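This report concerns only the one structure given below.
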Amino acid sequence: MPSVLNSSRPTTRIKIFSERMLAAMLKNTSYNSKVSTPVFQSKRGCRMLGKNMKRILVTGATGQIGSELTIELRKKYSHDNVVAAGHKRTPSETLLKSGSFESIDITNKEGLERIVEKYDIDTVYHLGAVLSGVGEQNPQAAWHINMDGLYNVLQVAKEHELVRVFWPSSIAVFGPEAPRVNTPQNTVLIPRTMYGVTKVAGELLCNYYFSRFGVDVRSVRYPGIISSETPPGGGTTDYAVEIFYEAIKKKRYTCFVRQDTVLPMMYMPDCIKGTIDLMETDPSRIKCRTSYNMSAMSFSAGQLAAEIKKLCPEFECEYKPDFRQQIADSWIMSMDDSVARKEWGWKPTYDNLAVMTKDMMEILTKKFEAGILP
Ligand code: AKB
């Protein structure tokens with residue numbers, strides 16, 4: 001589609017664009033003037049919104065969320081239909097044995113396109129990203145990987161008329177100006193981290209690709225995710241996972257945020273279920289095309305340590321805040337996710353710290369006893 005904005009001869013370009021648009025509309029396309037639906041959809045684009053997903057690509061599949069999401073998607077849509085893609089981290093045996101794996105640098109559009117064509121991909125879960133802690137140590141890389149990666153995925157989705165895209169946003173979109181408790185869906189977004197900046201810009205980009213090109217892209221704002229399969233890497237909420245591993249292995253943990261630091265958190269089974277549920281929701285119910293608040297529970301680092309101590313009495317936690325304290329202090333403490341609940345039925349199963357802690361301790365203790373806890 002010619003760019004009207006970049007044209008040195010705007011009148012001519014606008015005329016060409018209008019003629020093409022008119023011809024396409026008369027021939028095989030639909031036009032919809034409602035703001036919440038795509039402005040311009042090709043014939044296949046109309047079907048895109050209603051079509052079932054069948055060939056899935058997961059980027060960031062070697063990461064904390066991607067590794068578990070890929071396995072769940074393979075169980076649900078068959079192992080042959082879900083391609084895992086990673087870049088830096090070595091894929092686990094489970095990931096390699098359960099389906100195809102490809103190495104992709106998400107900042108390279110041609111590489112991404114090659115995989116989309118090779119496997120006839122119609123749906124992408126784009127999880128490859130740099131998180132908040134690493135992002136503050138290398139803001140340029142965070143911008144490059146997070147923004148160019150998302151831009152490439154959205155462009156490929158548009159050009160190859162993919163059925164659907166998932167991209168995660170984060171509580172990092174909020175900054176100190178946002179209400180810190182029960183933060184509403186729509187509020188001021190002035191993050192102080194580069195990671196947060198890429199998430200706000202990413203939300204706007206997703207909304208743009210939906211309303212301008214009809215790309216069915218969906219998103220949630222993840223809180224800190226707690227899981228027992230793959231440890232996270234590079235985030236500010238990583239302490240809430242590390243604490244379990246260290247409690248089991250050494251009965252001690254030095255926490256990098258203060259005891260009274262409260263952040264929104266979620267247990268992995270809820271994260272996976274919420275993500276897949278959102279992707280399976282009928283497009284007509286998805287009104288928010290930036291990103292949905294998605295919440296489960298909130299607790300302080302001290303409350304988490306106390307809960308672990310109930311199950312492991314020898315456990316001791318000390319607190320030595322580092323640069324990530326400032327990041328945590330700029331974030332919110334709890335989120336209002338009523339819009340997600342109303343529009344696509346989001347509801348967490350784990351909203352209780354004690355229940356989640358017991359489950360984590362049991363799983364990780366078994367792994368420790370079997371000698372497979374990393
Ligand atoms: C991080 O800590 O950077 C992530 C996030 C909350 O998005 N876990």
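Going by the structure tokens order, chains are called A, B, ..., each with residues numbered from 1, while ligands are numbered from 1 in the order shown.
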
For ligand 1, list the contacting residues at 10 Å or closer, counting only C-alpha atoms and all ligand atoms, as an mmCIF file with C-alpha atoms, in the first residue's frame.
data_model
loop_
_atom_site.group_PDB
_atom_site.id
_atom_site.type_symbol
_atom_site.label_atom_id
_atom_site.label_comp_id
_atom_site.auth_asym_id
_atom_site.auth_seq_id
_atom_site.Cartn_x
_atom_site.Cartn_y
_atom_site.Cartn_z
ATOM 1 C CA GLN A 64 10.282 -18.875 31.291
ATOM 2 C CA ILE A 65 6.790 -18.480 29.786
ATOM 3 C CA ALA A 129 12.027 -10.029 24.513
ATOM 4 C CA VAL A 130 14.552 -8.387 26.828
ATOM 5 C CA LEU A 131 13.123 -7.920 30.365
ATOM 6 C CA SER A 132 13.309 -4.946 32.731
ATOM 7 C CA GLY A 133 16.556 -5.618 34.644
ATOM 8 C CA VAL A 134 18.679 -6.423 31.606
ATOM 9 C CA GLY A 135 16.869 -3.657 29.718
ATOM 10 C CA GLU A 136 18.136 -1.048 32.204
ATOM 11 C CA PRO A 168 2.674 -9.805 25.994
ATOM 12 C CA SER A 169 2.737 -6.399 27.599
ATOM 13 C CA SER A 170 3.558 -5.972 31.291
ATOM 14 C CA ILE A 171 2.901 -4.110 34.541
ATOM 15 C CA ALA A 172 6.039 -2.231 33.461
ATOM 16 C CA VAL A 173 3.837 0.069 31.337
ATOM 17 C CA THR A 193 12.377 1.940 32.388
ATOM 18 C CA TYR A 195 11.498 -2.046 29.054
ATOM 19 C CA GLY A 196 8.346 -0.157 30.095
ATOM 20 C CA LYS A 199 5.826 -2.060 26.267
ATOM 21 C CA ARG A 221 -0.207 -6.971 30.795
ATOM 22 C CA TYR A 222 1.570 -9.772 32.613
ATOM 23 C CA PRO A 223 2.447 -9.323 36.277
ATOM 24 C CA GLY A 224 5.512 -11.165 37.686
ATOM 25 C CA ILE A 225 5.162 -14.842 36.744
ATOM 26 C CA ILE A 226 6.064 -17.587 39.231
ATOM 27 C CA PRO A 232 13.193 -16.465 34.457
ATOM 28 C CA GLY A 233 16.105 -14.271 33.410
ATOM 29 C CA GLY A 234 16.705 -10.554 33.511
ATOM 30 C CA GLY A 235 13.476 -9.356 35.139
ATOM 31 C CA THR A 236 12.735 -7.360 38.290
ATOM 32 C CA THR A 237 10.201 -9.902 39.554
ATOM 33 C CA ASP A 238 12.748 -12.753 39.272
ATOM 34 C CA TYR A 239 13.283 -12.706 43.075
ATOM 35 C CA ALA A 240 9.829 -14.265 43.525
ATOM 36 C CA LEU A 263 4.123 -6.312 43.262
ATOM 37 C CA PRO A 264 1.344 -8.093 41.332
ATOM 38 C CA MET A 265 2.199 -11.777 40.716
ATOM 39 C CA ARG A 324 16.086 -3.300 40.606
ATOM 40 C CA ILE A 327 12.364 -0.298 39.084
ATOM 41 C CA ALA A 328 10.025 -2.108 41.498
ATOM 42 C CA TRP A 331 5.709 -0.043 39.350
#

### Message
Could you pull out the strand (DSSP E or B) residues of stretch 186-284 of chain A, going by DSSP on the backbone, and write them as JSON, numbers by chain?
### Response
{"A": [217, 218, 220, 221, 222, 224, 225, 226, 252, 253, 254, 255, 262, 263, 264, 265, 266, 267]}

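Picture a line from atom CA of A:Ser67 to atom CA of A:Leu204; it runs 26.8 Å.
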
### Message
Residues within 10 Å of A:Arg285, please, as an MDAnalysis selection string. Count only C-alpha atoms; anything in the same chain fewer than 2 positions from it doesn't count.
### Response
chainID A and resid 278 281:283 287:288 342:345

Output C-alpha atoms for every residue in the selection just made, as a PDB file, in the first residue's frame.
ATOM      1  CA  LEU A 278      -7.626 -14.808  25.219  1.00  0.00           C
ATOM      2  CA  THR A 281     -11.968 -15.781  22.321  1.00  0.00           C
ATOM      3  CA  ASP A 282     -14.252 -14.760  19.486  1.00  0.00           C
ATOM      4  CA  PRO A 283     -12.829 -11.565  17.901  1.00  0.00           C
ATOM      5  CA  LYS A 287     -12.611  -4.589  22.493  1.00  0.00           C
ATOM      6  CA  CYS A 288      -9.186  -3.660  23.863  1.00  0.00           C
ATOM      7  CA  LYS A 342     -16.011  -8.995  31.641  1.00  0.00           C
ATOM      8  CA  GLU A 343     -14.915  -9.114  27.999  1.00  0.00           C
ATOM      9  CA  TRP A 344     -13.287 -12.534  27.694  1.00  0.00           C
ATOM     10  CA  GLY A 345     -13.992 -14.264  30.995  1.00  0.00           C
TER      11      GLY A 345
END

### Message
What's around stretch 187-189 of chain A at 7 Å? Count only C-alpha atoms, leave out sequence neighbours fewer than 2 positions away in its own chain, and write the answer as a VMD selection string.
### Response
chain A and resid 173 to 175 177 to 178 184 to 185 191

#### Entry: Nearby residues (only C-alpha atoms) at most 10 Å from stretch 150-165 of chain A, same-chain spacing under 2 positions excluded, as a ChimeraX atom specification
/A:42,44-57,59,106-110,112-113,116-117,120-129,144-148,167,198,202,205-206,209-210,213-219,279-280,283

Write out, as a compact mmCIF listing (two decimals), in the first residue's frame, the residues just selected, with C-alpha atoms.
# COMPACT_ATOMS: atom_id res chain seq x y z
CA SER A 42 -8.77 -7.68 2.41
CA ARG A 44 -8.78 -12.95 3.20
CA GLY A 45 -8.45 -10.44 6.02
CA CYS A 46 -12.17 -10.71 6.72
CA ARG A 47 -11.78 -14.45 7.07
CA MET A 48 -8.64 -13.97 9.15
CA LEU A 49 -10.68 -12.69 12.07
CA GLY A 50 -12.97 -15.72 12.14
CA LYS A 51 -10.55 -18.41 11.03
CA ASN A 52 -9.27 -21.11 13.38
CA MET A 53 -5.61 -21.17 14.27
CA LYS A 54 -3.80 -24.28 13.06
CA ARG A 55 -0.05 -23.73 12.57
CA ILE A 56 1.55 -21.92 15.47
CA LEU A 57 4.98 -20.33 15.96
CA THR A 59 9.11 -17.03 19.66
CA ILE A 106 13.59 -11.87 15.81
CA THR A 107 15.24 -8.63 14.66
CA ASN A 108 15.85 -10.31 11.27
CA LYS A 109 12.61 -10.12 9.29
CA GLU A 110 13.79 -12.39 6.46
CA LEU A 112 11.22 -14.88 10.52
CA GLU A 113 9.53 -14.93 7.12
CA VAL A 116 6.55 -18.65 8.59
CA GLU A 117 6.67 -19.86 4.97
CA ASP A 120 2.82 -22.41 6.75
CA ILE A 121 2.41 -20.56 10.06
CA ASP A 122 -0.89 -18.72 10.64
CA THR A 123 -0.57 -17.79 14.33
CA VAL A 124 2.35 -16.31 16.28
CA TYR A 125 2.84 -16.09 20.02
CA HIS A 126 5.64 -13.54 20.12
CA LEU A 127 7.34 -13.89 23.50
CA GLY A 128 10.96 -13.15 22.58
CA ALA A 129 12.03 -10.03 24.51
CA HIS A 144 16.19 -2.82 19.32
CA ILE A 145 15.09 -6.34 20.27
CA ASN A 146 11.70 -5.47 21.75
CA MET A 147 10.58 -2.90 19.17
CA ASP A 148 12.15 -4.24 15.96
CA TRP A 167 2.22 -10.32 22.26
CA THR A 198 8.97 -0.57 24.74
CA GLY A 202 4.36 -1.91 21.64
CA LEU A 205 1.82 -0.43 17.68
CA CYS A 206 -0.47 -3.44 18.18
CA TYR A 209 -1.82 -2.69 13.22
CA PHE A 210 -5.27 -3.85 14.27
CA PHE A 213 -4.44 -3.24 8.75
CA GLY A 214 -6.86 -5.62 10.49
CA VAL A 215 -4.10 -7.71 12.13
CA ASP A 216 -5.87 -9.66 14.90
CA VAL A 217 -3.27 -9.00 17.59
CA ARG A 218 -4.13 -9.58 21.25
CA SER A 219 -2.26 -8.74 24.42
CA MET A 279 -6.38 -16.22 21.89
CA GLU A 280 -9.41 -18.49 21.59
CA PRO A 283 -12.83 -11.57 17.90
